[in-house]
Structure formats: structure tokens, C-alpha cells
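Asker: Before anything else, here's the structure in question.
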Number of protein chains: 2
Amino acid sequence: MIDSKVTELLKKTQLSVTDGRRRILELFLQHEGALSHGDIEKKAGEKFDRVTVYRTLQAFLEKGLIHSIPSSDNSIRYALCKEECSEGHHRDDHVHFICNQCGNATCLEELVVPSIKLPRGYTAQQVEVLVSGICKSCSSR
Amino acid sequence: MIDSKVTELLKKTQLSVTDGRRRILELFLQHEGALSHGDIEKKAGEKFDRVTVYRTLQAFLEKGLIHSIPSSDNSIRYALCKEECSEGHHRDDHVHFICNQCGNATCLEELVVPSIKLPRGYTAQQVEVLVSGICKSCSSR
DNA sequence: CAACAAATGCAACAAAGTTGCAAAAAGAAC
DNA sequence: GTTCTTTTTGCAACTTTGTTGCATTTGTTG
Ligand SMILES: [Mn+2]
Ligand SMILES: [Mn+2]
Ligand SMILES: [Zn+2]
Ligand SMILES: [Zn+2]
């Protein structure tokens with residue numbers, strides 16, 4: 001049951017269990033791939049205020065339930081984090097893929113981002129790899 | 001003289017030479033590092049309408065004068081392309097760095113993005129590498 | 001179930017981005 | 001330089017996106 005998973009996740013991160021949070025987390029669990037704020041607003045329907053969506057995503061980010069995926073078009077997408085992530089400590093060192101055809105963003109969990117050797121003076125704290133192209137389901141059609 | 005460089009670049013890309021375009025291109029040439037739409041609006045002063053800045057950046061992008069740098073905070077930055085870039089054909093395969101302290105974004109032209117081996121079914125068209133951390137000038141202070 | 005803390009919706013607002021259109025400026029031709 | 005044509009600009013009006021304060025509602029704990 002997806003419903004118990006949702007509650008479990010919220011409990012584990014010490015977020016109080018509300019309808020809005022349950023619904024949004026459910027969306028992430030059901031939907032393969034990442035979701036933008038807009039996606040969520042649409043999918044969650046008229047049931048929740050726009051402000052609640054903002055605040056929920058914010059809370060999920062802070063608690064390490066989700067991580068954000070950068071983009072070149074001013075529409076950040078979010079995806080569920082794996083077990084290892086928690087408040088403060090994220091371990092989202094995988095490659096992200098954005099399909100130029102369907103627009104979907106996916107976490108390629110199996111691809112660990114390479115380490116980048118920076119010029120003298122620079123210190124890396126995080127590395128993001130963002131690949132765009134044609135995704136699996138688009139190329140099989 | 002930076003002024004002749006500016007005109008030359010605009011001519012080369014078949015953009016008519018206007019005050020606005022000259023000013024904005026000048027900003028890119030003077031400023032080491034990338035600029036966001038907001039940065040440009042501020043630096044260009046009251047002299048130009050907000051809409052003009054949007055349209056100018058749009059035109060520069062299309063002509064391959066500048067490229068955009070993705071971000072996780074809904075504030076795309078832009079940086080000058082090198083000679084090799086032209087309308088349609090971009091060759092911006094270098095690493096980008098964003099400083100968590102001063103917020104500046106830089107093109108690390110000398111670092112070519114690694115090639116990423118994708119899972120079966122995926123085709124890569126572009127790879128972006130976005131490193132965040134502490135930049136050279138911030139760490140030397 | 002009572003008491004407290006936290007989350008929500010609403011309204012009002014600020015910031016960011018878009019569009020149509022008339023006026024102004026640039027480019028081309030003479 | 002003058003004229004003609006095309007492109008760019010500024011303005012206004014508008015939409016979309018994101019933020020904040022506050023009263024009401026909901027969840028949590030004992
Ligand atoms: Mn991911
Ligand atoms: Mn660059
Ligand atoms: Zn696709
Ligand atoms: Zn810095």
C-alpha cells in the first residue's frame with residue numbers, strides 16, 4: 001500500500017501528517033520522474049492552495065525527502081531522495097536526464113557523477129551533471 | 001578599444017547595432033563571469049526598458065553570442081560564447097562553477113565536460129556540468 | 001478530549017515574464 | 001544627406017510566479 005509508505009516517510013522525517021503533504025508525497029511516489037511546482041499544482045488539483053504547495057516543497061527539501069534538479073529554463077524540478085538522504089546530509093550524486101522531446105526529467109541513480117578536477121583556488125562542494133537528449137520511452141516510439 | 005569589438009560582434013551575427021545591444025554586450029565583455037537578467041537590468045541602469053533586456057538576451061542566445069547556465073534557484077545566468085559558437089551550433093562543452101559565497105558564476109573554459117555513458121535507450125545531445133563551491137577570489141580572502 | 005503547536009487558506013502584495021502596438025531608430029538605396 | 005523600408009524600442013496592460021502576515025483549522029501529545 002502506497003498510503004502507508006507515505007505516512008511512514010512523513011513520520012520518519014518528523015513532519016506532521018497532513019492531507020496536503022500526503023497528497024504531494026503520493027504524487028512523487030506514483031510518478032516516475034521529477035515534478036515541477038507547476039506539475040504538482042495541476043496534479044494536486046484545486047484541492048490545495050498554491051502557497052501550501054510552495055511551503056510543502058520547501059519543507060520536503062529541508063528534510064531531505066526531495067532534491068531539486070537545476071534547469072536552463074527557469075523551472076526547477078524535484079525528485080524523491082533515496083533512503084540515504086536526511087536533513088542536511090544529501091547524497092544525491094547521480095546524473096540527471098532531461099528529455100528534449102517529452103520534457104520529462106529523470107534521475108539516473110545508477111550513474112554516479114564523475115569527480116571534477118578544478119583549477120587551483122577552487123573548492124567543489126557539489127557537482128551536478130545534467131544530460132539532455134532523447135529519453136528511453138521517447139526513443140522506443 | 002572595447003567599443004569596436006562590440007560593434008564587430010554584432011555585425012558578425014547580423015544583428016543591427018543599437019544602443020541597447022551595444023550596452024549589454026559591453027557588460028558581458030567587461031564583466032568577468034556570468035550575468036543574470038536581473039544583474040543586467042541593474043547594471044544597464046534606467047536607460048533601457050525591462051522588455052528590451054529580455055528581447056536582447058533572447059536575440060543574443062539565438063545568434064549564439066551568449067549561452068545560458070542552468071541553476072537550482074530559478075535565476076538563469078548568461079555568459080559570452082567563444083568564437084566557435086554560431087547560430088544553431090553551440091560548442092559550450094565546458095564546466096560551469098557557481099560560488100556558494102559570492103554567488104558569481106564562471107565558465108571554466110579549460111575544463112571540458114566528461115562524456116557520460118548513458119543507460120541503453122537514452123541518447124545524449126548535451127551535457128552540462130555544474131560545480132558549486134568556493135571560488136578562487138573568495139578562497140583567497 | 002483538552003491544550004498546545006504547527007500547517008493551511010486567504011488576501012494582499014512584489015517580482016518576473018509576455019504581448020500588441022505606435023513611435024523611434026537603424027539599414028539600404030539613391 | 002534624404003528618403004524609404006525594416007527592425008527595434010518603450011510603453012501599457014496583462015499573466016504568471018513567488019512571498020508574507022494573519023486568522024482559522026488541523027494535527028500531535030498527554
Ligand atoms: Mn535525482
Ligand atoms: Mn560557459
Ligand atoms: Zn522523452
Ligand atoms: Zn566566490
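Numbering starts fresh at 1 for the residues of each chain in the C-alpha cells, the chains themselves are lettered A, B, ... in the order given, and ligands are numbered from 1 as they appear.
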Dump as a tab-separated table (two decimals) with C-alpha atoms (C1' of nucleotides), in the first residue's frame the residues of chain D that approach chain B to within 12 Å, counting only C-alpha atoms (C1' of nucleotides).

Answerer:
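Written output follows (out_34.tsv):
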```
chain	number	residue	atom	x	y	z
D	6	DT	C1'	12.58	47.18	-41.89
D	7	DT	C1'	13.76	46.39	-37.29
D	8	DT	C1'	13.97	47.68	-32.62
D	9	DT	C1'	12.27	50.07	-28.77
D	10	DG	C1'	9.29	51.76	-24.97
D	11	DC	C1'	5.04	51.75	-23.01
D	12	DA	C1'	0.91	49.88	-21.18
D	17	DT	C1'	5.19	33.06	-10.31
D	18	DG	C1'	6.66	33.64	-5.76
```

Asker: Could you please extract the residues within 7 Å of ligand 3, counting only C-alpha atoms (C1' of nucleotides) and all ligand atoms, and hand them back as a list in words?

Answerer: Cys99, Asn100, Gln101, Cys102, Gly103, Asn104, Ile134, Cys135, Lys136, Ser137 and Cys138 of chain A

Asker: Using the selection just defined, write its residues with N, CA and C atoms as an mmCIF file, in the first residue's frame.

Answerer:
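The resulting again.cif:
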```cif
data_model
loop_
_atom_site.group_PDB
_atom_site.id
_atom_site.type_symbol
_atom_site.label_atom_id
_atom_site.label_comp_id
_atom_site.auth_asym_id
_atom_site.auth_seq_id
_atom_site.Cartn_x
_atom_site.Cartn_y
_atom_site.Cartn_z
ATOM 1 N N CYS A 99 14.582 15.060 -21.094
ATOM 2 C CA CYS A 99 14.277 14.718 -22.476
ATOM 3 C C CYS A 99 13.831 15.956 -23.251
ATOM 4 N N ASN A 100 14.473 16.173 -24.378
ATOM 5 C CA ASN A 100 14.129 17.332 -25.196
ATOM 6 C C ASN A 100 12.812 17.147 -25.931
ATOM 7 N N GLN A 101 12.332 15.907 -25.970
ATOM 8 C CA GLN A 101 11.078 15.664 -26.675
ATOM 9 C C GLN A 101 9.875 15.746 -25.725
ATOM 10 N N CYS A 102 9.863 14.896 -24.711
ATOM 11 C CA CYS A 102 8.697 14.871 -23.820
ATOM 12 C C CYS A 102 8.846 15.809 -22.638
ATOM 13 N N GLY A 103 10.051 16.304 -22.410
ATOM 14 C CA GLY A 103 10.259 17.257 -21.339
ATOM 15 C C GLY A 103 10.434 16.639 -19.957
ATOM 16 N N ASN A 104 10.287 15.321 -19.873
ATOM 17 C CA ASN A 104 10.425 14.671 -18.576
ATOM 18 C C ASN A 104 11.862 14.673 -18.063
ATOM 19 N N ILE A 134 17.316 12.445 -25.825
ATOM 20 C CA ILE A 134 16.068 11.705 -26.010
ATOM 21 C C ILE A 134 16.013 10.554 -25.018
ATOM 22 N N CYS A 135 14.897 10.498 -24.303
ATOM 23 C CA CYS A 135 14.784 9.516 -23.243
ATOM 24 C C CYS A 135 14.394 8.141 -23.775
ATOM 25 N N LYS A 136 14.413 7.181 -22.895
ATOM 26 C CA LYS A 136 14.138 5.803 -23.265
ATOM 27 C C LYS A 136 12.771 5.653 -23.915
ATOM 28 N N SER A 137 11.740 6.183 -23.242
ATOM 29 C CA SER A 137 10.397 5.926 -23.780
ATOM 30 C C SER A 137 10.139 6.700 -25.069
ATOM 31 N N CYS A 138 10.784 7.853 -25.223
ATOM 32 C CA CYS A 138 10.599 8.597 -26.469
ATOM 33 C C CYS A 138 11.295 7.907 -27.641
#
```

Asker: Take CA of Glu62 (chain A) and CA of Tyr122 (chain A) and report the distance between them in Å, one decimal.

Answerer: 26.6 Å

Asker: Using only C-alpha atoms (C1' of nucleotides), determine which residues of chain C fall within 12 Å of chain A; present them as a list in words.

Answerer: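 The contacting residues on chain C are DA5, DA6, DA7, DT8, DG9, DC10, DA11, DA16 and DG17 of chain C.
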
Asker: What do you get as a short mmCIF file (atom, residue, chain, number, x, y, z; two decimals) with N, CA, C and O atoms, in the first residue's frame if you pick all residues at most 6 Å from ligand 1, counting only C-alpha atoms (C1' of nucleotides) and all ligand atoms?

Answerer:
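For reference, part_21.cif as written:
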```cif
data_model
loop_
_atom_site.label_atom_id
_atom_site.label_comp_id
_atom_site.auth_asym_id
_atom_site.auth_seq_id
_atom_site.Cartn_x
_atom_site.Cartn_y
_atom_site.Cartn_z
N ALA A 79 12.66 15.74 -7.23
CA ALA A 79 12.51 14.29 -7.24
C ALA A 79 12.79 13.73 -5.85
O ALA A 79 13.50 14.35 -5.05
N HIS A 96 21.39 13.53 -13.86
CA HIS A 96 20.00 13.82 -14.21
C HIS A 96 19.85 13.95 -15.71
O HIS A 96 20.72 14.49 -16.39
N CYS A 107 15.93 10.84 -12.73
CA CYS A 107 17.16 10.61 -12.00
C CYS A 107 17.78 9.33 -12.53
O CYS A 107 17.14 8.28 -12.53
#
```

Asker: Go through chain B residue by residue and, counting only C-alpha atoms, keep those with an atom at most 6 Å from chain A; for each kept residue give the shortest atom pair and its distance in Å to one decimal, ordered by chain and increasing number, as a Markdown table.

Answerer:
```
| residue | atom | partner | partner_atom | distance |
| --- | --- | --- | --- | --- |
| B:Pro70 | CA | A:Ser72 | CA | 4.1 |
| B:Ser71 | CA | A:Pro70 | CA | 4.8 |
| B:Ser72 | CA | A:Pro70 | CA | 4.1 |
| B:Asn74 | CA | A:Asn74 | CA | 4.8 |
| B:Gly121 | CA | A:Lys136 | CA | 4.5 |
| B:Tyr122 | CA | A:Cys135 | CA | 4.8 |
| B:Thr123 | CA | A:Ile134 | CA | 5.1 |
| B:Ala124 | CA | A:Gly133 | CA | 4.5 |
| B:Gln125 | CA | A:Gly133 | CA | 4.5 |
| B:Gln126 | CA | A:Ser132 | CA | 5.2 |
| B:Val127 | CA | A:Val131 | CA | 4.5 |
| B:Glu128 | CA | A:Leu130 | CA | 5.0 |
| B:Val129 | CA | A:Val129 | CA | 4.7 |
| B:Leu130 | CA | A:Glu128 | CA | 4.9 |
| B:Val131 | CA | A:Val127 | CA | 4.5 |
| B:Ser132 | CA | A:Gln126 | CA | 5.2 |
| B:Gly133 | CA | A:Ala124 | CA | 4.4 |
| B:Ile134 | CA | A:Thr123 | CA | 5.1 |
| B:Cys135 | CA | A:Tyr122 | CA | 4.8 |
| B:Lys136 | CA | A:Gly121 | CA | 4.4 |
```

Asker: Using only N, CA and C atoms, please write the residues we just selected to a file, as a PDB file, in the first residue's frame.

Answerer:
```pdb
ATOM      1  N   PRO B  70      22.538  26.735 -16.374  1.00  0.00           N
ATOM      2  CA  PRO B  70      21.404  26.289 -15.558  1.00  0.00           C
ATOM      3  C   PRO B  70      21.644  26.568 -14.083  1.00  0.00           C
ATOM      4  N   SER B  71      20.579  26.579 -13.323  1.00  0.00           N
ATOM      5  CA  SER B  71      20.730  26.776 -11.889  1.00  0.00           C
ATOM      6  C   SER B  71      19.604  26.110 -11.135  1.00  0.00           C
ATOM      7  N   SER B  72      19.822  25.973  -9.825  1.00  0.00           N
ATOM      8  CA  SER B  72      18.811  25.344  -8.968  1.00  0.00           C
ATOM      9  C   SER B  72      17.992  26.385  -8.253  1.00  0.00           C
ATOM     10  N   ASN B  74      16.172  29.103  -9.900  1.00  0.00           N
ATOM     11  CA  ASN B  74      15.382  29.945 -10.790  1.00  0.00           C
ATOM     12  C   ASN B  74      16.030  31.281 -11.122  1.00  0.00           C
ATOM     13  N   GLY B 121      19.013   3.014 -24.473  1.00  0.00           N
ATOM     14  CA  GLY B 121      17.745   3.674 -24.787  1.00  0.00           C
ATOM     15  C   GLY B 121      17.829   5.188 -24.721  1.00  0.00           C
ATOM     16  N   TYR B 122      18.775   5.681 -23.965  1.00  0.00           N
ATOM     17  CA  TYR B 122      18.933   7.131 -23.851  1.00  0.00           C
ATOM     18  C   TYR B 122      19.957   7.653 -24.856  1.00  0.00           C
ATOM     19  N   THR B 123      19.661   8.803 -25.450  1.00  0.00           N
ATOM     20  CA  THR B 123      20.632   9.449 -26.322  1.00  0.00           C
ATOM     21  C   THR B 123      20.958  10.834 -25.786  1.00  0.00           C
ATOM     22  N   ALA B 124      22.225  11.120 -25.654  1.00  0.00           N
ATOM     23  CA  ALA B 124      22.629  12.430 -25.140  1.00  0.00           C
ATOM     24  C   ALA B 124      22.793  13.422 -26.274  1.00  0.00           C
ATOM     25  N   GLN B 125      22.268  14.614 -26.084  1.00  0.00           N
ATOM     26  CA  GLN B 125      22.506  15.672 -27.054  1.00  0.00           C
ATOM     27  C   GLN B 125      23.376  16.757 -26.444  1.00  0.00           C
ATOM     28  N   GLN B 126      23.262  16.915 -25.130  1.00  0.00           N
ATOM     29  CA  GLN B 126      24.094  17.909 -24.465  1.00  0.00           C
ATOM     30  C   GLN B 126      24.379  17.490 -23.039  1.00  0.00           C
ATOM     31  N   VAL B 127      25.554  17.823 -22.571  1.00  0.00           N
ATOM     32  CA  VAL B 127      25.906  17.526 -21.186  1.00  0.00           C
ATOM     33  C   VAL B 127      26.316  18.817 -20.488  1.00  0.00           C
ATOM     34  N   GLU B 128      25.711  19.080 -19.367  1.00  0.00           N
ATOM     35  CA  GLU B 128      26.060  20.247 -18.556  1.00  0.00           C
ATOM     36  C   GLU B 128      26.687  19.776 -17.260  1.00  0.00           C
ATOM     37  N   VAL B 129      27.796  20.369 -16.887  1.00  0.00           N
ATOM     38  CA  VAL B 129      28.349  20.077 -15.573  1.00  0.00           C
ATOM     39  C   VAL B 129      28.396  21.365 -14.764  1.00  0.00           C
ATOM     40  N   LEU B 130      27.781  21.293 -13.607  1.00  0.00           N
ATOM     41  CA  LEU B 130      27.598  22.468 -12.777  1.00  0.00           C
ATOM     42  C   LEU B 130      28.220  22.192 -11.421  1.00  0.00           C
ATOM     43  N   VAL B 131      29.355  22.840 -11.166  1.00  0.00           N
ATOM     44  CA  VAL B 131      30.018  22.626  -9.888  1.00  0.00           C
ATOM     45  C   VAL B 131      29.760  23.819  -8.989  1.00  0.00           C
ATOM     46  N   SER B 132      29.402  23.550  -7.737  1.00  0.00           N
ATOM     47  CA  SER B 132      29.272  24.672  -6.809  1.00  0.00           C
ATOM     48  C   SER B 132      30.240  24.477  -5.657  1.00  0.00           C
ATOM     49  N   GLY B 133      30.643  25.579  -5.075  1.00  0.00           N
ATOM     50  CA  GLY B 133      31.633  25.518  -4.004  1.00  0.00           C
ATOM     51  C   GLY B 133      32.178  26.898  -3.713  1.00  0.00           C
ATOM     52  N   ILE B 134      33.476  26.995  -3.462  1.00  0.00           N
ATOM     53  CA  ILE B 134      34.088  28.295  -3.173  1.00  0.00           C
ATOM     54  C   ILE B 134      35.032  28.667  -4.318  1.00  0.00           C
ATOM     55  N   CYS B 135      34.841  29.872  -4.821  1.00  0.00           N
ATOM     56  CA  CYS B 135      35.612  30.287  -5.994  1.00  0.00           C
ATOM     57  C   CYS B 135      37.001  30.790  -5.601  1.00  0.00           C
ATOM     58  N   LYS B 136      37.785  31.032  -6.603  1.00  0.00           N
ATOM     59  CA  LYS B 136      39.166  31.445  -6.409  1.00  0.00           C
ATOM     60  C   LYS B 136      39.266  32.714  -5.575  1.00  0.00           C
TER      61      LYS B 136
END
```

Asker: DSSP on the backbone: what in chain B comes out strand (DSSP E or B), as a PyMOL selection string?

Answerer: chain B and resi 35-36+66-69+71+77-80+94-99+105-112+123-134

Asker: Enumerate as an NGL selection string all residues of region 9-124 of chain A assigned to alpha helix (DSSP H) by DSSP on the backbone, naming them with the chain letters and numbers the document uses.

Answerer: :A and (9-12 or 19-30 or 37-44 or 50-63)

Asker: Output N, CA and C atoms for every residue in that selection, as a tab-separated table (two decimals), in the first residue's frame.

Answerer:
```tsv
chain	number	residue	atom	x	y	z
A	9	LEU	N	7.07	7.73	5.63
A	9	LEU	CA	8.10	8.71	5.25
A	9	LEU	C	7.95	10.02	6.00
A	10	LEU	N	6.70	10.46	6.12
A	10	LEU	CA	6.47	11.73	6.81
A	10	LEU	C	6.83	11.60	8.28
A	11	LYS	N	6.42	10.52	8.90
A	11	LYS	CA	6.75	10.28	10.30
A	11	LYS	C	8.26	10.29	10.48
A	12	LYS	N	8.94	9.56	9.61
A	12	LYS	CA	10.39	9.42	9.75
A	12	LYS	C	11.11	10.76	9.71
A	19	ASP	N	-3.12	16.32	5.02
A	19	ASP	CA	-3.64	15.91	3.71
A	19	ASP	C	-2.74	16.38	2.58
A	20	GLY	N	-2.37	17.66	2.63
A	20	GLY	CA	-1.56	18.23	1.57
A	20	GLY	C	-0.26	17.48	1.40
A	21	ARG	N	0.44	17.28	2.49
A	21	ARG	CA	1.73	16.60	2.41
A	21	ARG	C	1.57	15.17	1.93
A	22	ARG	N	0.51	14.50	2.41
A	22	ARG	CA	0.28	13.13	1.95
A	22	ARG	C	0.06	13.10	0.45
A	23	ARG	N	-0.78	14.02	-0.04
A	23	ARG	CA	-1.10	14.05	-1.46
A	23	ARG	C	0.13	14.30	-2.32
A	24	ILE	N	0.93	15.27	-1.93
A	24	ILE	CA	2.10	15.63	-2.73
A	24	ILE	C	3.15	14.53	-2.71
A	25	LEU	N	3.34	13.96	-1.56
A	25	LEU	CA	4.31	12.88	-1.46
A	25	LEU	C	3.85	11.69	-2.30
A	26	GLU	N	2.56	11.44	-2.26
A	26	GLU	CA	1.95	10.39	-3.07
A	26	GLU	C	2.26	10.61	-4.55
A	27	LEU	N	2.09	11.85	-5.00
A	27	LEU	CA	2.40	12.18	-6.39
A	27	LEU	C	3.83	11.80	-6.75
A	28	PHE	N	4.75	12.11	-5.86
A	28	PHE	CA	6.15	11.78	-6.13
A	28	PHE	C	6.35	10.27	-6.21
A	29	LEU	N	5.65	9.55	-5.33
A	29	LEU	CA	5.83	8.09	-5.31
A	29	LEU	C	5.21	7.44	-6.54
A	30	GLN	N	4.08	7.96	-6.97
A	30	GLN	CA	3.40	7.38	-8.12
A	30	GLN	C	4.11	7.71	-9.41
A	37	HIS	N	7.04	22.56	-9.70
A	37	HIS	CA	6.00	23.15	-8.88
A	37	HIS	C	4.68	23.17	-9.64
A	38	GLY	N	4.77	23.61	-10.89
A	38	GLY	CA	3.57	23.68	-11.72
A	38	GLY	C	2.88	22.34	-11.91
A	39	ASP	N	3.67	21.32	-12.21
A	39	ASP	CA	3.12	19.97	-12.34
A	39	ASP	C	2.29	19.61	-11.12
A	40	ILE	N	2.86	19.86	-9.97
A	40	ILE	CA	2.22	19.47	-8.73
A	40	ILE	C	0.93	20.24	-8.52
A	41	GLU	N	1.00	21.53	-8.81
A	41	GLU	CA	-0.22	22.34	-8.68
A	41	GLU	C	-1.34	21.76	-9.53
A	42	LYS	N	-0.98	21.38	-10.75
A	42	LYS	CA	-2.00	20.82	-11.63
A	42	LYS	C	-2.50	19.47	-11.12
A	43	LYS	N	-1.57	18.59	-10.84
A	43	LYS	CA	-1.95	17.24	-10.45
A	43	LYS	C	-2.67	17.18	-9.11
A	44	ALA	N	-2.29	18.03	-8.20
A	44	ALA	CA	-2.95	18.01	-6.89
A	44	ALA	C	-4.34	18.60	-7.00
A	50	ARG	N	-2.02	27.27	-3.63
A	50	ARG	CA	-0.71	27.41	-4.22
A	50	ARG	C	0.37	27.60	-3.15
A	51	VAL	N	0.05	28.39	-2.16
A	51	VAL	CA	1.02	28.66	-1.11
A	51	VAL	C	1.40	27.39	-0.37
A	52	THR	N	0.42	26.52	-0.19
A	52	THR	CA	0.70	25.26	0.51
A	52	THR	C	1.68	24.41	-0.28
A	53	VAL	N	1.54	24.42	-1.58
A	53	VAL	CA	2.47	23.65	-2.40
A	53	VAL	C	3.90	24.19	-2.24
A	54	TYR	N	4.02	25.52	-2.28
A	54	TYR	CA	5.34	26.11	-2.07
A	54	TYR	C	5.92	25.67	-0.73
A	55	ARG	N	5.10	25.80	0.31
A	55	ARG	CA	5.61	25.52	1.63
A	55	ARG	C	5.90	24.03	1.81
A	56	THR	N	5.10	23.21	1.18
A	56	THR	CA	5.33	21.77	1.30
A	56	THR	C	6.64	21.37	0.62
A	57	LEU	N	6.85	21.87	-0.58
A	57	LEU	CA	8.10	21.55	-1.28
A	57	LEU	C	9.29	22.04	-0.47
A	58	GLN	N	9.15	23.23	0.07
A	58	GLN	CA	10.20	23.79	0.90
A	58	GLN	C	10.51	22.86	2.07
A	59	ALA	N	9.46	22.41	2.73
A	59	ALA	CA	9.63	21.53	3.89
A	59	ALA	C	10.28	20.20	3.47
A	60	PHE	N	9.81	19.64	2.37
A	60	PHE	CA	10.37	18.37	1.88
A	60	PHE	C	11.84	18.51	1.55
A	61	LEU	N	12.19	19.64	0.94
A	61	LEU	CA	13.59	19.90	0.59
A	61	LEU	C	14.45	19.93	1.86
A	62	GLU	N	13.98	20.70	2.83
A	62	GLU	CA	14.75	20.88	4.04
A	62	GLU	C	14.94	19.57	4.79
A	63	LYS	N	13.92	18.74	4.77
A	63	LYS	CA	14.00	17.48	5.49
A	63	LYS	C	14.72	16.40	4.70
```

Asker: As a PDB file with N, CA and C atoms (P, O5', C5', C4', C3', O3' and C1' of nucleotides), in the first residue's frame, please: the residues near DC13 (chain C) (cut-off 12 Å, only C-alpha atoms (C1' of nucleotides), same-chain neighbours under 5 positions excluded).

Answerer:
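In the end it all went to selection-v5.pdb:
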```pdb
ATOM      1  P    DG D  18       7.772  29.914  -9.316  1.00  0.00           P
ATOM      2  O5'  DG D  18       7.828  30.899  -8.072  1.00  0.00           O
ATOM      3  C5'  DG D  18       8.772  31.958  -8.078  1.00  0.00           C
ATOM      4  C4'  DG D  18       8.503  32.867  -6.891  1.00  0.00           C
ATOM      5  C3'  DG D  18       8.469  32.163  -5.524  1.00  0.00           C
ATOM      6  O3'  DG D  18       9.440  32.784  -4.705  1.00  0.00           O
ATOM      7  C1'  DG D  18       6.658  33.643  -5.762  1.00  0.00           C
ATOM      8  P    DT D  19       9.585  32.449  -3.128  1.00  0.00           P
ATOM      9  O5'  DT D  19       8.744  33.645  -2.468  1.00  0.00           O
ATOM     10  C5'  DT D  19       9.129  34.984  -2.751  1.00  0.00           C
ATOM     11  C4'  DT D  19       8.486  35.917  -1.733  1.00  0.00           C
ATOM     12  C3'  DT D  19       8.561  35.409  -0.288  1.00  0.00           C
ATOM     13  O3'  DT D  19       9.041  36.482   0.508  1.00  0.00           O
ATOM     14  C1'  DT D  19       6.325  35.924  -0.865  1.00  0.00           C
ATOM     15  P    DT D  20       9.338  36.311   2.068  1.00  0.00           P
ATOM     16  O5'  DT D  20       8.048  36.915   2.777  1.00  0.00           O
ATOM     17  C5'  DT D  20       7.567  38.182   2.384  1.00  0.00           C
ATOM     18  C4'  DT D  20       6.375  38.553   3.255  1.00  0.00           C
ATOM     19  C3'  DT D  20       6.426  37.974   4.667  1.00  0.00           C
ATOM     20  O3'  DT D  20       6.225  39.025   5.590  1.00  0.00           O
ATOM     21  C1'  DT D  20       4.363  37.464   3.618  1.00  0.00           C
ATOM     22  P    DG D  21       6.141  38.849   7.166  1.00  0.00           P
ATOM     23  O5'  DG D  21       4.565  39.005   7.377  1.00  0.00           O
ATOM     24  C5'  DG D  21       3.889  40.173   6.906  1.00  0.00           C
ATOM     25  C4'  DG D  21       2.497  40.228   7.504  1.00  0.00           C
ATOM     26  C3'  DG D  21       2.410  39.837   8.977  1.00  0.00           C
ATOM     27  O3'  DG D  21       1.370  40.633   9.572  1.00  0.00           O
ATOM     28  C1'  DG D  21       1.201  38.269   7.678  1.00  0.00           C
TER      29       DG D  21
END
```

Asker: Can you pull out every residue within 12 Å of DT29 (chain D), counting only C-alpha atoms (C1' of nucleotides), but drop anything in the same chain fewer than 2 positions away, and send it as a compact mmCIF listing (two decimals) with N, CA and C atoms (P, O5', C5', C4', C3', O3' and C1' of nucleotides), in the first residue's frame?

Answerer:
```
# COMPACT_ATOMS: atom_id res chain seq x y z
P DC C 1 -13.87 13.41 22.60
O5' DC C 1 -14.41 14.40 23.70
C5' DC C 1 -14.16 14.09 25.11
C4' DC C 1 -13.07 14.98 25.68
C3' DC C 1 -12.92 16.35 25.02
O3' DC C 1 -12.51 17.25 26.04
C1' DC C 1 -10.87 15.26 24.96
P DA C 2 -13.07 18.68 26.34
O5' DA C 2 -11.70 19.36 26.76
C5' DA C 2 -11.12 18.96 27.99
C4' DA C 2 -9.66 19.38 28.00
C3' DA C 2 -9.41 20.82 27.58
O3' DA C 2 -8.49 21.37 28.51
C1' DA C 2 -8.12 19.36 26.22
P DA C 3 -8.03 22.85 28.41
O5' DA C 3 -6.61 22.67 27.73
C5' DA C 3 -5.59 21.94 28.42
C4' DA C 3 -4.29 22.11 27.66
C3' DA C 3 -4.00 23.56 27.25
O3' DA C 3 -2.60 23.75 27.35
C1' DA C 3 -4.11 22.21 25.33
P DC C 4 -1.98 25.23 27.29
O5' DC C 4 -0.93 25.07 26.11
C5' DC C 4 -0.07 23.92 26.08
C4' DC C 4 0.30 23.63 24.65
C3' DC C 4 0.84 24.84 23.89
O3' DC C 4 2.24 24.67 23.72
C1' DC C 4 -0.64 23.49 22.55
P DA C 5 3.07 25.67 22.79
O5' DA C 5 3.08 24.86 21.42
C5' DA C 5 3.39 23.47 21.42
C4' DA C 5 3.47 23.00 19.98
C3' DA C 5 4.22 23.96 19.06
O3' DA C 5 5.01 23.20 18.16
C1' DA C 5 1.99 23.72 18.30
P DG D 27 -5.77 17.05 10.03
O5' DG D 27 -4.54 17.27 10.99
C5' DG D 27 -3.23 17.23 10.45
C4' DG D 27 -2.25 17.23 11.59
C3' DG D 27 -2.09 15.89 12.29
O3' DG D 27 -0.70 15.60 12.34
C1' DG D 27 -2.57 17.59 13.87
```

Asker: Could you tell me how far C1' of DG1 (chain D) lies from C1' of DA26 (chain C), in Å and to one decimal?

Answerer: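 Between C1' of DG1 (chain D) and C1' of DA26 (chain C) the gap works out to 15.2 Å.
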